[in-house]
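Peer 1: Here you go, this is target35.cif (mmCIF, C-alpha atoms and all ligand atoms).
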```cif
data_final
#
loop_
_atom_site.label_atom_id
_atom_site.label_comp_id
_atom_site.auth_asym_id
_atom_site.auth_seq_id
_atom_site.Cartn_x
_atom_site.Cartn_y
_atom_site.Cartn_z
CA MET X 1 0.00 0.00 0.00
CA ILE X 2 1.10 3.50 -0.88
CA ARG X 3 1.16 4.63 2.75
CA THR X 4 4.27 2.58 3.48
CA LEU X 5 6.11 4.56 0.81
CA LEU X 6 5.34 7.94 2.32
CA SER X 7 8.06 10.54 2.35
CA ALA X 8 10.28 11.46 5.23
CA SER X 9 8.08 14.48 5.83
CA ALA X 10 5.25 12.21 7.01
CA ALA X 11 7.55 10.58 9.52
CA LEU X 12 8.82 13.97 10.62
CA ALA X 13 5.26 15.10 11.11
CA LEU X 14 5.01 12.69 14.00
CA CYS X 15 6.94 15.15 16.15
CA LEU X 16 4.71 18.07 15.13
CA PRO X 17 1.49 19.42 16.68
CA ALA X 18 -1.57 17.25 16.02
CA ALA X 19 -3.18 19.71 13.59
CA ALA X 20 0.03 19.88 11.54
CA ALA X 21 0.39 16.11 11.41
CA ASP X 22 -3.26 15.80 10.44
CA LEU X 23 -2.89 18.24 7.54
CA ASN X 24 0.32 16.55 6.42
CA GLU X 25 -1.42 13.18 6.38
CA ALA X 26 -4.40 14.52 4.44
CA VAL X 27 -2.15 16.12 1.80
CA GLU X 28 -0.08 12.95 1.46
CA ALA X 29 -3.33 11.01 0.99
CA ASP X 30 -4.29 13.38 -1.85
CA TYR X 31 -0.86 13.23 -3.47
CA GLU X 32 -1.62 10.75 -6.24
CA TYR X 33 -4.40 13.00 -7.47
CA LEU X 34 -2.17 16.07 -7.33
CA GLU X 35 0.73 14.31 -9.06
CA ALA X 36 -1.46 13.42 -12.04
CA LEU X 37 -2.68 17.02 -12.21
CA TYR X 38 0.88 18.35 -11.96
CA GLU X 39 2.04 16.12 -14.79
CA HIS X 40 -0.89 17.28 -16.88
CA PHE X 41 -0.02 20.94 -16.34
CA HIS X 42 3.68 20.19 -16.89
CA GLN X 43 3.05 18.53 -20.24
CA ASN X 44 0.68 21.21 -21.48
CA PRO X 45 2.27 24.61 -20.87
CA GLU X 46 0.92 27.68 -22.67
CA LEU X 47 2.58 31.05 -23.15
CA SER X 48 1.56 34.32 -21.50
CA PHE X 49 -2.04 35.42 -22.19
CA GLN X 50 -2.54 32.19 -24.15
CA GLU X 51 -3.36 30.04 -21.08
CA THR X 52 -6.82 29.06 -22.40
CA GLU X 53 -6.69 25.30 -21.84
CA THR X 54 -4.71 25.70 -18.63
CA ALA X 55 -7.33 28.08 -17.22
CA LYS X 56 -10.14 25.70 -18.28
CA ARG X 57 -8.54 22.82 -16.43
CA LEU X 58 -7.80 24.92 -13.35
CA ALA X 59 -11.39 26.22 -13.34
CA LYS X 60 -12.71 22.66 -13.67
CA GLU X 61 -10.61 21.49 -10.70
CA LEU X 62 -11.73 24.37 -8.50
CA ARG X 63 -15.39 23.95 -9.47
CA LYS X 64 -15.12 20.28 -8.66
CA ALA X 65 -13.77 21.22 -5.22
CA GLY X 66 -16.88 23.34 -4.59
CA TYR X 67 -15.83 26.85 -5.58
CA ASP X 68 -17.81 29.35 -7.60
CA VAL X 69 -15.56 30.07 -10.60
CA THR X 70 -15.54 33.08 -12.95
CA SER X 71 -13.39 32.83 -16.08
CA GLY X 72 -11.99 35.47 -18.40
CA VAL X 73 -10.89 37.97 -15.76
CA GLY X 74 -8.03 40.00 -17.25
CA GLY X 75 -7.80 37.80 -20.36
CA THR X 76 -7.47 34.17 -19.39
CA GLY X 77 -7.52 34.75 -15.61
CA ILE X 78 -9.89 32.89 -13.32
CA VAL X 79 -11.36 33.75 -9.92
CA ALA X 80 -12.75 31.05 -7.63
CA VAL X 81 -14.73 32.04 -4.55
CA MET X 82 -15.95 30.14 -1.50
CA GLU X 83 -18.05 32.05 1.01
CA ASN X 84 -18.14 30.48 4.42
CA GLY X 85 -19.71 32.86 6.89
CA GLU X 86 -18.44 35.96 8.66
CA GLY X 87 -14.78 36.81 8.66
CA PRO X 88 -11.91 38.14 6.62
CA THR X 89 -11.35 37.67 2.89
CA VAL X 90 -8.16 35.84 1.94
CA MET X 91 -6.90 35.64 -1.62
CA LEU X 92 -4.49 32.89 -2.70
CA ARG X 93 -2.75 33.37 -6.02
CA ALA X 94 -1.20 31.05 -8.59
CA ASP X 95 0.17 32.15 -11.95
CA MET X 96 -0.45 30.01 -15.01
CA ASP X 97 1.94 30.79 -17.87
CA GLY X 98 4.84 28.79 -19.28
CA LEU X 99 7.92 30.07 -21.12
CA PRO X 100 9.27 29.81 -24.67
CA VAL X 101 11.90 27.25 -23.62
CA GLU X 102 12.51 23.79 -25.09
CA GLU X 103 12.51 21.36 -22.16
CA GLN X 104 15.67 19.27 -21.83
CA THR X 105 15.09 17.57 -18.48
CA GLY X 106 14.62 14.10 -19.97
CA LEU X 107 11.73 13.50 -17.54
CA PRO X 108 9.15 10.91 -18.67
CA TYR X 109 6.53 13.66 -18.46
CA ALA X 110 8.69 16.35 -20.09
CA SER X 111 6.86 18.91 -22.21
CA GLU X 112 6.96 18.45 -25.96
CA ALA X 113 4.45 21.23 -26.46
CA ARG X 114 4.69 24.09 -28.90
CA GLY X 115 2.41 27.05 -28.80
CA PRO X 116 1.88 30.63 -29.95
CA ASN X 117 2.83 33.76 -28.10
CA ARG X 118 0.37 36.64 -28.17
CA ASP X 119 1.70 37.74 -31.57
CA GLY X 120 1.01 34.30 -33.02
CA GLU X 121 4.67 33.25 -33.32
CA MET X 122 5.19 29.56 -32.43
CA PHE X 123 7.67 28.38 -29.77
CA PRO X 124 8.51 25.23 -27.88
CA THR X 125 6.98 25.77 -24.45
CA MET X 126 7.90 24.66 -20.95
CA HIS X 127 6.88 25.37 -17.37
CA ALA X 128 10.48 26.42 -16.74
CA CYS X 129 9.47 28.76 -13.91
CA GLY X 130 7.39 26.09 -12.17
CA HIS X 131 4.01 27.79 -12.49
CA ASP X 132 2.66 24.23 -12.81
CA VAL X 133 3.82 23.74 -9.20
CA HIS X 134 1.96 26.90 -8.21
CA MET X 135 -1.32 25.83 -9.84
CA THR X 136 -1.14 22.32 -8.40
CA SER X 137 -0.43 23.73 -4.93
CA LEU X 138 -3.44 26.03 -5.31
CA VAL X 139 -5.72 23.15 -6.26
CA GLY X 140 -4.35 21.01 -3.43
CA ALA X 141 -4.97 23.79 -0.93
CA ALA X 142 -8.43 24.43 -2.41
CA ARG X 143 -9.33 20.78 -1.86
CA GLN X 144 -8.06 20.78 1.73
CA LEU X 145 -9.83 24.03 2.60
CA ALA X 146 -13.10 22.82 1.09
CA GLU X 147 -12.86 19.72 3.29
CA ARG X 148 -12.32 21.83 6.40
CA THR X 149 -15.03 24.47 6.26
CA ASP X 150 -15.74 23.86 9.96
CA ASP X 151 -12.26 25.12 10.77
CA TRP X 152 -12.48 28.50 9.09
CA SER X 153 -14.85 31.36 8.58
CA GLY X 154 -14.81 34.12 5.98
CA THR X 155 -14.32 34.25 2.21
CA LEU X 156 -11.67 32.49 0.19
CA ILE X 157 -10.72 33.82 -3.23
CA LEU X 158 -8.38 31.71 -5.34
CA ILE X 159 -7.02 33.16 -8.54
CA GLY X 160 -5.29 31.77 -11.59
CA GLN X 161 -3.32 34.69 -12.99
CA PRO X 162 -2.19 34.93 -16.61
CA ALA X 163 1.01 36.37 -18.03
CA GLU X 164 3.27 36.70 -15.02
CA GLU X 165 6.25 36.28 -17.31
CA LEU X 166 5.31 39.45 -19.16
CA GLY X 167 4.69 41.25 -15.87
CA LEU X 168 1.23 42.15 -17.18
CA GLY X 169 -1.24 39.56 -15.93
CA ALA X 170 -1.80 40.77 -12.37
CA LEU X 171 -2.49 44.30 -13.55
CA ALA X 172 -4.80 42.96 -16.28
CA MET X 173 -6.90 41.19 -13.63
CA ILE X 174 -6.98 44.24 -11.36
CA GLU X 175 -7.91 46.54 -14.25
CA ASP X 176 -10.66 44.08 -15.17
CA GLY X 177 -12.24 44.73 -11.77
CA LEU X 178 -10.77 41.94 -9.64
CA TYR X 179 -11.24 43.94 -6.43
CA GLU X 180 -14.58 45.50 -7.42
CA ARG X 181 -16.37 42.54 -9.00
CA PHE X 182 -15.22 40.32 -6.14
CA LEU X 183 -14.26 41.38 -2.63
CA THR X 184 -11.10 43.36 -1.92
CA PRO X 185 -9.08 40.89 0.13
CA ASP X 186 -7.80 41.56 3.63
CA TYR X 187 -4.76 39.42 2.87
CA VAL X 188 -3.11 38.11 -0.29
CA VAL X 189 -0.80 35.09 -0.21
CA GLY X 190 1.28 33.62 -3.03
CA LEU X 191 4.15 31.21 -3.37
CA HIS X 192 6.97 30.70 -5.84
CA ASP X 193 9.04 27.57 -6.24
CA SER X 194 12.76 28.00 -5.72
CA ALA X 195 15.56 26.51 -7.81
CA SER X 196 18.05 27.13 -5.01
CA LEU X 197 16.29 25.63 -1.98
CA PRO X 198 15.88 21.92 -1.22
CA ALA X 199 12.41 20.51 -1.71
CA GLY X 200 10.51 20.29 1.55
CA SER X 201 11.76 23.63 2.82
CA ILE X 202 10.38 27.15 2.75
CA SER X 203 11.94 30.58 2.92
CA TYR X 204 10.41 34.00 3.43
CA THR X 205 11.57 37.61 3.28
CA PRO X 206 9.84 40.30 5.33
CA GLY X 207 9.72 43.75 3.68
CA TRP X 208 11.31 44.28 0.26
CA ALA X 209 11.53 40.84 -1.31
CA LEU X 210 11.68 41.25 -5.09
CA ALA X 211 12.81 44.20 -7.17
CA ASN X 212 11.29 46.88 -9.39
CA VAL X 213 11.89 45.71 -12.96
CA ASP X 214 12.31 48.37 -15.64
CA SER X 215 13.13 47.63 -19.26
CA VAL X 216 14.85 50.56 -20.94
CA ASP X 217 15.67 51.05 -24.64
CA ILE X 218 18.30 53.57 -25.71
CA ARG X 219 18.49 54.40 -29.40
CA VAL X 220 21.81 56.13 -29.96
CA LYS X 221 21.89 58.16 -33.15
CA GLY X 222 24.95 58.85 -35.23
CA ILE X 223 25.99 60.00 -38.69
CA GLY X 224 26.92 56.99 -40.80
CA GLY X 225 29.56 56.68 -43.46
CA HIS X 226 32.61 54.78 -44.71
CA GLY X 227 34.66 52.91 -42.10
CA ALA X 228 37.84 54.29 -43.61
CA TYR X 229 36.73 57.93 -43.22
CA PRO X 230 35.61 58.15 -39.57
CA HIS X 231 36.24 61.91 -39.45
CA THR X 232 33.26 62.42 -41.78
CA THR X 233 30.92 60.52 -39.41
CA LYS X 234 29.65 60.45 -35.83
CA ASP X 235 30.10 56.83 -34.82
CA PRO X 236 27.12 55.61 -32.71
CA ILE X 237 28.99 52.45 -31.70
CA VAL X 238 31.69 54.48 -29.98
CA ILE X 239 29.09 56.73 -28.34
CA ALA X 240 27.01 53.76 -27.21
CA SER X 241 30.13 52.07 -25.82
CA GLN X 242 30.86 55.15 -23.73
CA ILE X 243 27.27 55.13 -22.53
CA VAL X 244 27.63 51.48 -21.46
CA ASN X 245 30.82 52.29 -19.53
CA ASN X 246 29.41 55.36 -17.84
CA LEU X 247 26.22 53.58 -16.83
CA GLN X 248 28.41 51.47 -14.53
CA THR X 249 28.94 54.51 -12.31
CA LEU X 250 25.23 54.88 -11.53
CA VAL X 251 25.24 52.07 -9.00
CA SER X 252 28.91 52.25 -8.00
CA ARG X 253 29.24 56.08 -7.60
CA GLU X 254 25.80 57.69 -7.37
CA LEU X 255 23.85 55.38 -5.08
CA SER X 256 24.68 54.80 -1.46
CA PRO X 257 26.69 51.59 -1.06
CA LEU X 258 23.84 50.45 1.18
CA ASP X 259 21.21 50.77 -1.57
CA ARG X 260 20.58 47.75 -3.74
CA ALA X 261 20.27 48.21 -7.48
CA VAL X 262 21.31 46.76 -10.83
CA VAL X 263 21.84 48.34 -14.25
CA THR X 264 22.56 45.64 -16.84
CA VAL X 265 22.96 46.26 -20.56
CA GLY X 266 21.61 42.99 -21.92
CA ALA X 267 21.70 43.81 -25.62
CA PHE X 268 23.89 46.04 -27.80
CA ASN X 269 23.01 45.96 -31.48
CA ALA X 270 24.49 48.09 -34.23
CA GLY X 271 26.00 48.00 -37.67
CA SER X 272 25.89 45.68 -40.65
CA LYS X 273 29.39 45.26 -42.09
CA HIS X 274 33.12 45.65 -41.36
CA ASN X 275 33.64 48.86 -43.23
CA ILE X 276 30.46 50.79 -42.65
CA ILE X 277 29.96 53.21 -39.79
CA SER X 278 26.36 52.81 -38.73
CA ASP X 279 23.92 55.61 -38.00
CA GLU X 280 22.27 53.96 -35.01
CA ALA X 281 23.08 51.72 -32.06
CA HIS X 282 20.39 50.14 -29.90
CA LEU X 283 20.92 49.28 -26.25
CA GLN X 284 18.48 47.27 -24.13
CA LEU X 285 18.76 47.46 -20.36
CA THR X 286 17.21 45.85 -17.35
CA VAL X 287 17.14 48.16 -14.34
CA ARG X 288 16.41 46.84 -10.84
CA SER X 289 15.76 48.63 -7.56
CA PHE X 290 13.47 48.41 -4.52
CA ASP X 291 12.18 51.84 -3.54
CA ASP X 292 10.69 54.53 -5.76
CA ALA X 293 13.43 57.10 -5.05
CA THR X 294 16.22 54.75 -6.17
CA ARG X 295 14.26 53.79 -9.24
CA GLU X 296 13.82 57.44 -10.19
CA LYS X 297 17.52 58.18 -9.63
CA LEU X 298 18.53 55.32 -11.91
CA LEU X 299 16.10 56.17 -14.70
CA SER X 300 16.92 59.87 -14.73
CA GLY X 301 20.63 59.02 -14.51
CA ILE X 302 20.40 56.77 -17.56
CA ALA X 303 18.77 59.53 -19.60
CA ARG X 304 21.34 62.08 -18.39
CA ILE X 305 24.36 59.86 -19.19
CA ALA X 306 23.01 58.92 -22.63
CA ARG X 307 22.49 62.56 -23.55
CA ALA X 308 25.83 63.64 -22.11
CA GLN X 309 27.78 61.19 -24.27
CA ALA X 310 25.96 62.35 -27.38
CA VAL X 311 26.68 65.99 -26.53
CA SER X 312 30.29 65.12 -25.85
CA ALA X 313 30.58 63.51 -29.31
CA GLY X 314 29.34 66.74 -30.89
CA LEU X 315 26.02 65.45 -32.14
CA PRO X 316 23.40 68.10 -32.95
CA GLU X 317 20.26 68.43 -30.81
CA GLU X 318 18.08 66.54 -33.29
CA LEU X 319 20.37 63.51 -32.98
CA MET X 320 20.23 63.15 -29.21
CA PRO X 321 19.59 59.56 -28.03
CA VAL X 322 16.00 58.46 -27.53
CA VAL X 323 15.50 56.77 -24.15
CA GLU X 324 12.31 54.79 -23.61
CA VAL X 325 11.18 53.19 -20.35
CA GLU X 326 8.68 50.40 -20.94
CA GLU X 327 5.22 50.86 -19.42
CA PRO X 328 3.84 49.36 -17.33
CA TYR X 329 6.86 48.31 -15.31
CA THR X 330 6.83 45.54 -12.71
CA PRO X 331 6.87 47.17 -9.28
CA SER X 332 8.91 45.74 -6.43
CA THR X 333 7.31 43.29 -4.05
CA PHE X 334 6.95 44.40 -0.46
CA ASN X 335 6.00 41.58 1.87
CA ASP X 336 3.94 43.07 4.68
CA PRO X 337 6.26 42.47 7.67
CA ASP X 338 3.50 41.60 10.19
CA LEU X 339 1.74 39.25 7.80
CA THR X 340 5.06 37.66 6.82
CA GLN X 341 6.07 36.99 10.42
CA ARG X 342 2.60 35.66 11.15
CA ILE X 343 2.66 33.08 8.36
CA ALA X 344 6.33 32.25 9.06
CA GLY X 345 5.13 31.27 12.56
CA VAL X 346 2.40 29.15 10.99
CA PHE X 347 4.99 27.43 8.78
CA ARG X 348 7.24 26.68 11.77
CA GLU X 349 4.25 25.02 13.45
CA GLN X 350 3.44 23.09 10.32
CA PHE X 351 6.93 22.01 9.24
CA GLY X 352 9.22 22.47 12.24
CA GLU X 353 12.06 25.00 12.61
CA ASP X 354 14.49 23.12 10.35
CA ARG X 355 12.39 23.44 7.24
CA VAL X 356 11.64 27.19 7.48
CA GLN X 357 14.17 29.99 7.11
CA GLU X 358 14.32 33.73 6.51
CA ALA X 359 16.07 34.67 3.25
CA PRO X 360 17.50 37.93 1.89
CA PRO X 361 15.68 39.79 -0.92
CA VAL X 362 16.51 39.04 -4.55
CA MET X 363 16.74 41.31 -7.59
CA GLY X 364 14.29 39.19 -9.60
CA GLY X 365 10.80 40.59 -10.13
CA GLU X 366 7.25 39.28 -9.75
CA ASP X 367 4.05 41.01 -10.70
CA PHE X 368 2.50 39.51 -7.57
CA SER X 369 3.47 42.93 -6.19
CA GLN X 370 0.51 44.47 -8.02
CA PHE X 371 -2.00 42.75 -5.74
CA GLY X 372 -0.55 44.55 -2.72
CA ARG X 373 -0.28 48.02 -4.25
CA THR X 374 -3.14 48.46 -6.68
CA PRO X 375 -5.47 50.19 -6.09
CA GLU X 376 -4.79 50.45 -2.36
CA ASP X 377 -2.39 48.87 0.07
CA VAL X 378 -3.47 45.32 0.79
CA PRO X 379 -1.18 43.28 3.07
CA ALA X 380 0.42 40.67 0.83
CA VAL X 381 3.15 38.09 1.09
CA ILE X 382 4.84 35.75 -1.34
CA PHE X 383 7.15 33.05 -0.06
CA TRP X 384 9.56 30.52 -1.60
CA VAL X 385 8.99 26.77 -1.70
CA GLY X 386 12.11 24.66 -2.32
CA ALA X 387 11.96 22.54 -5.48
CA VAL X 388 15.42 20.96 -5.68
CA GLU X 389 15.77 17.25 -5.08
CA PRO X 390 17.50 17.22 -1.65
CA GLU X 391 20.42 14.94 -2.64
CA ARG X 392 21.10 17.04 -5.70
CA PHE X 393 20.99 20.15 -3.54
CA ALA X 394 23.48 18.63 -1.07
CA ALA X 395 25.80 17.58 -3.94
CA ALA X 396 25.73 21.14 -5.35
CA GLN X 397 26.58 22.51 -1.90
CA ASP X 398 29.58 20.15 -1.85
CA GLY X 399 30.92 21.57 -5.10
CA GLY X 400 29.11 19.14 -7.40
CA ASP X 401 27.09 20.06 -10.49
CA ALA X 402 25.61 23.55 -10.38
CA LEU X 403 21.83 23.66 -10.01
CA PRO X 404 19.80 24.78 -13.03
CA SER X 405 18.08 28.09 -12.35
CA LEU X 406 14.46 29.02 -12.90
CA HIS X 407 13.83 29.48 -16.65
CA SER X 408 16.52 26.87 -17.47
CA PRO X 409 15.53 24.06 -19.88
CA PHE X 410 16.94 21.69 -17.21
CA PHE X 411 14.86 22.96 -14.27
CA ALA X 412 13.02 19.93 -12.86
CA PRO X 413 11.23 20.30 -9.51
CA ASP X 414 11.22 17.24 -7.25
CA PRO X 415 7.45 16.78 -7.39
CA ARG X 416 6.41 15.04 -4.18
CA PRO X 417 8.12 17.10 -1.48
CA THR X 418 7.72 20.33 -3.50
CA LEU X 419 3.99 19.90 -4.03
CA THR X 420 3.08 18.56 -0.61
CA THR X 421 5.01 21.41 1.03
CA GLY X 422 3.33 23.96 -1.25
CA VAL X 423 -0.15 22.59 -0.51
CA GLU X 424 0.42 22.35 3.23
CA ALA X 425 1.88 25.84 3.38
CA MET X 426 -0.97 27.47 1.46
CA THR X 427 -3.59 25.57 3.43
CA ALA X 428 -2.03 26.28 6.81
CA ALA X 429 -1.60 29.99 5.97
CA ALA X 430 -5.25 30.32 4.87
CA LEU X 431 -6.54 28.39 7.89
CA ASP X 432 -4.63 30.70 10.19
CA LEU X 433 -5.80 33.90 8.47
CA LEU X 434 -9.41 32.68 8.33
CA GLY X 435 -9.21 30.83 11.58
CA LYS X 436 -12.09 30.63 13.97
CA PRO X 437 -11.09 30.97 17.57
CA ALA X 438 -10.26 27.46 18.77
CA SER X 439 -13.43 27.42 20.93
CA GLN X 440 -15.65 27.59 17.83
CA ARG X 441 -13.97 24.82 15.89
CA ALA X 442 -15.71 21.54 15.28
CA GLY X 443 -14.54 18.84 17.59
CA ASP X 444 -13.50 21.20 20.38
ZN ZN I 501 9.61 33.22 -14.36
ZN ZN I 502 7.62 32.54 -11.96
#
```
How does the structure come out when it is put into structure tokens?
Peer 2:
Amino acid sequence: MIRTLLSASAALALCLPAAAADLNEAVEADYEYLEALYEHFHQNPELSFQETETAKRLAKELRKAGYDVTSGVGGTGIVAVMENGEGPTVMLRADMDGLPVEEQTGLPYASEARGPNRDGEMFPTMHACGHDVHMTSLVGAARQLAERTDDWSGTLILIGQPAEELGLGALAMIEDGLYERFLTPDYVVGLHDSASLPAGSISYTPGWALANVDSVDIRVKGIGGHGAYPHTTKDPIVIASQIVNNLQTLVSRELSPLDRAVVTVGAFNAGSKHNIISDEAHLQLTVRSFDDATREKLLSGIARIARAQAVSAGLPEELMPVVEVEEPYTPSTFNDPDLTQRIAGVFREQFGEDRVQEAPPVMGGEDFSQFGRTPEDVPAVIFWVGAVEPERFAAAQDGGDALPSLHSPFFAPDPRPTLTTGVEAMTAAALDLLGKPASQRAGD
């Protein structure tokens, strides 16, 4: 019988409080169902804003678990609601999109899917960011919470969000009336799998957790001509090179050493041939920061440096560089400190001290942030769920093979401990936030 094959986490649960052990056992008992669902999502990824079939399946699962589901919120987004008496409203979020990556994990359930992006171009697709883990965890938690309506009171809202990878899906749902058509939540909770934490463990970051993400294009103009007669030209490649060099001083010389920020030039394109001086160079930057003031300093600094190099090269006013900051940008994620500490306490109860740790912020971005800042401040928290097979993690720590990162074609979450931890964490967090006082619970 399957029970005898249960993971170490079930055995560990024996030393945990009764409620934690009970939830662990219930999630383990549901694992076969969740594994099949996970493999389905994994094999059928769809790109951002194209998550039609994914959303249909997610909606079907949540309906089956007893939720009232609305589809088509912000494109392909779905909203599932369960009202269960007086109390707060808690929103749990999963994102649904895959990436244009050709899976190379060699797993028996590896994705062989291809699909269109929103412009209709076809790509191999993969859940290389683990959003299949997020959806399966959401469904698992939905099933547990529906089984335990005697233990909580209030309203649960579960959402399947499109297009996280474009940084546009959360805003699309909010602009489509997420908080007006349904209730504005008192708390929002999300999770993300981690490619650098062992499966079975959780980490959390109070306060700033993920960065502002700005994409900036700089079109450097020049006056083209023959490569052998540079004095008759204004070479945009030389000007753009000086811009790239000077941009390095923004973080190193203009910000306080205690501020955290990144300015990376990810693309530099110019020219066509050895002996032609081009008339344009195109730079593409990613710019990361946490607070609004630092963001503003970086963006204005980029514009100033770009212009200054063009002036220095003697270009006329009409040939100044054009600097464009993509809108909308992905704002930084601020985990409400009180809410974060509260659910970290819940996780310690559920998993024990050893499996829960505080982690520093990262410069990656997540549009989960939108749920906490638009249109008003709603306490929100996103936490990390380890996805790396524990032995592989230990080997990497010992100087063995490096671990594939999120978005890598080799990223392969260790399903059982990753999913059961994700489901237990989401369920335990929601039960705590929607918890009845112990005196009102069934069985007390
Ligand atoms: Zn991603
Ligand atoms: Zn992601």
Peer 1: As a quick test: using all atoms listed in the file, which residues lie no more than 7 Å away from ligand ZN 502 (chain I)? Give them as a ChimeraX atom specification.
Peer 2: /X:129-131,164-165,192
Peer 1: List the spatial neighbours of Gly222 of chain X as a list in words - criterion: any atom at most 7 Å away, only C-alpha atoms, same-chain residues fewer than 6 positions off excluded.
Peer 2: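 Using only C-alpha atoms, the neighbours found are Lys234, Asp235, Pro236, Asp279, Glu280 and Leu319 of chain X.
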Peer 1: Enter the distance from atom CA of Gly154 of chain X to atom CA of Asp22 of chain X, in Å, rounded to one decimal.
Peer 2: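 These two atoms are separated by 22.1 Å.
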Peer 1: Write out as number ranges by chain the residues lying within 7 Å of segment 357-370 of chain X, counting all atoms listed in the file and excluding same-chain residues fewer than 5 positions away.
Peer 2: X: 164, 167, 170-171, 202-205, 208-213, 288, 330-334
Peer 1: Could you check which of X:Asp132, X:Gln104, X:Leu258, X:Glu391 is closest to ligand ZN 501 (chain I), using all atoms listed in the file?
Peer 2: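 Answer, going by the shortest atom-to-atom distance: X:Asp132.
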Peer 1: Give me the residues near segment 266-274 of chain X as a ChimeraX atom specification, where near means some atom within 8 Å (using all atoms listed in the file) and where sequence neighbours in that chain fewer than 2 positions away do not count.
Peer 2: /X:227,237,264,276-286
Peer 1: Using only C-alpha atoms and all ligand atoms, which of the listed residues (X:Ala141, X:Val101, X:Val381, X:Val189) sits closest to ligand ZN 501 (chain I)?
Peer 2: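 Once distances to ligand ZN 501 (chain I) are computed over only C-alpha atoms and all ligand atoms, the minimum belongs to X:Val101.
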Peer 1: Where atoms are missing, can you supply N, CA and C atoms for segment 350-363 of chain X and output the lot as a PDB file, keeping the file's coordinate frame?
Peer 2:
```pdb
ATOM      1  N   GLN X 350       3.816  24.137  11.259  1.00  0.00           N
ATOM      2  CA  GLN X 350       3.440  23.090  10.320  1.00  0.00           C
ATOM      3  C   GLN X 350       4.617  22.181   9.969  1.00  0.00           C
ATOM      4  N   PHE X 351       5.808  22.788   9.795  1.00  0.00           N
ATOM      5  CA  PHE X 351       6.930  22.010   9.240  1.00  0.00           C
ATOM      6  C   PHE X 351       8.078  21.807  10.223  1.00  0.00           C
ATOM      7  N   GLY X 352       8.074  22.527  11.324  1.00  0.00           N
ATOM      8  CA  GLY X 352       9.220  22.470  12.240  1.00  0.00           C
ATOM      9  C   GLY X 352      10.250  23.514  11.847  1.00  0.00           C
ATOM     10  N   GLU X 353      11.060  23.931  12.809  1.00  0.00           N
ATOM     11  CA  GLU X 353      12.060  25.000  12.610  1.00  0.00           C
ATOM     12  C   GLU X 353      13.005  24.707  11.441  1.00  0.00           C
ATOM     13  N   ASP X 354      13.433  23.458  11.309  1.00  0.00           N
ATOM     14  CA  ASP X 354      14.490  23.120  10.350  1.00  0.00           C
ATOM     15  C   ASP X 354      14.106  23.376   8.900  1.00  0.00           C
ATOM     16  N   ARG X 355      12.815  23.350   8.637  1.00  0.00           N
ATOM     17  CA  ARG X 355      12.390  23.440   7.240  1.00  0.00           C
ATOM     18  C   ARG X 355      11.988  24.860   6.832  1.00  0.00           C
ATOM     19  N   VAL X 356      12.111  25.814   7.749  1.00  0.00           N
ATOM     20  CA  VAL X 356      11.640  27.190   7.480  1.00  0.00           C
ATOM     21  C   VAL X 356      12.759  28.177   7.799  1.00  0.00           C
ATOM     22  N   GLN X 357      13.102  29.022   6.842  1.00  0.00           N
ATOM     23  CA  GLN X 357      14.170  29.990   7.110  1.00  0.00           C
ATOM     24  C   GLN X 357      13.867  31.350   6.481  1.00  0.00           C
ATOM     25  N   GLU X 358      14.426  32.392   7.099  1.00  0.00           N
ATOM     26  CA  GLU X 358      14.320  33.730   6.510  1.00  0.00           C
ATOM     27  C   GLU X 358      15.403  33.845   5.436  1.00  0.00           C
ATOM     28  N   ALA X 359      15.099  34.550   4.350  1.00  0.00           N
ATOM     29  CA  ALA X 359      16.070  34.670   3.250  1.00  0.00           C
ATOM     30  C   ALA X 359      16.189  36.144   2.853  1.00  0.00           C
ATOM     31  N   PRO X 360      17.347  36.544   2.324  1.00  0.00           N
ATOM     32  CA  PRO X 360      17.500  37.930   1.890  1.00  0.00           C
ATOM     33  C   PRO X 360      16.669  38.195   0.624  1.00  0.00           C
ATOM     34  N   PRO X 361      16.411  39.477   0.322  1.00  0.00           N
ATOM     35  CA  PRO X 361      15.680  39.790  -0.920  1.00  0.00           C
ATOM     36  C   PRO X 361      16.489  39.404  -2.152  1.00  0.00           C
ATOM     37  N   VAL X 362      15.819  39.313  -3.284  1.00  0.00           N
ATOM     38  CA  VAL X 362      16.510  39.040  -4.550  1.00  0.00           C
ATOM     39  C   VAL X 362      16.140  40.134  -5.556  1.00  0.00           C
ATOM     40  N   MET X 363      16.963  40.257  -6.599  1.00  0.00           N
ATOM     41  CA  MET X 363      16.740  41.310  -7.590  1.00  0.00           C
ATOM     42  C   MET X 363      15.832  40.839  -8.741  1.00  0.00           C
TER      43      MET X 363
END
```
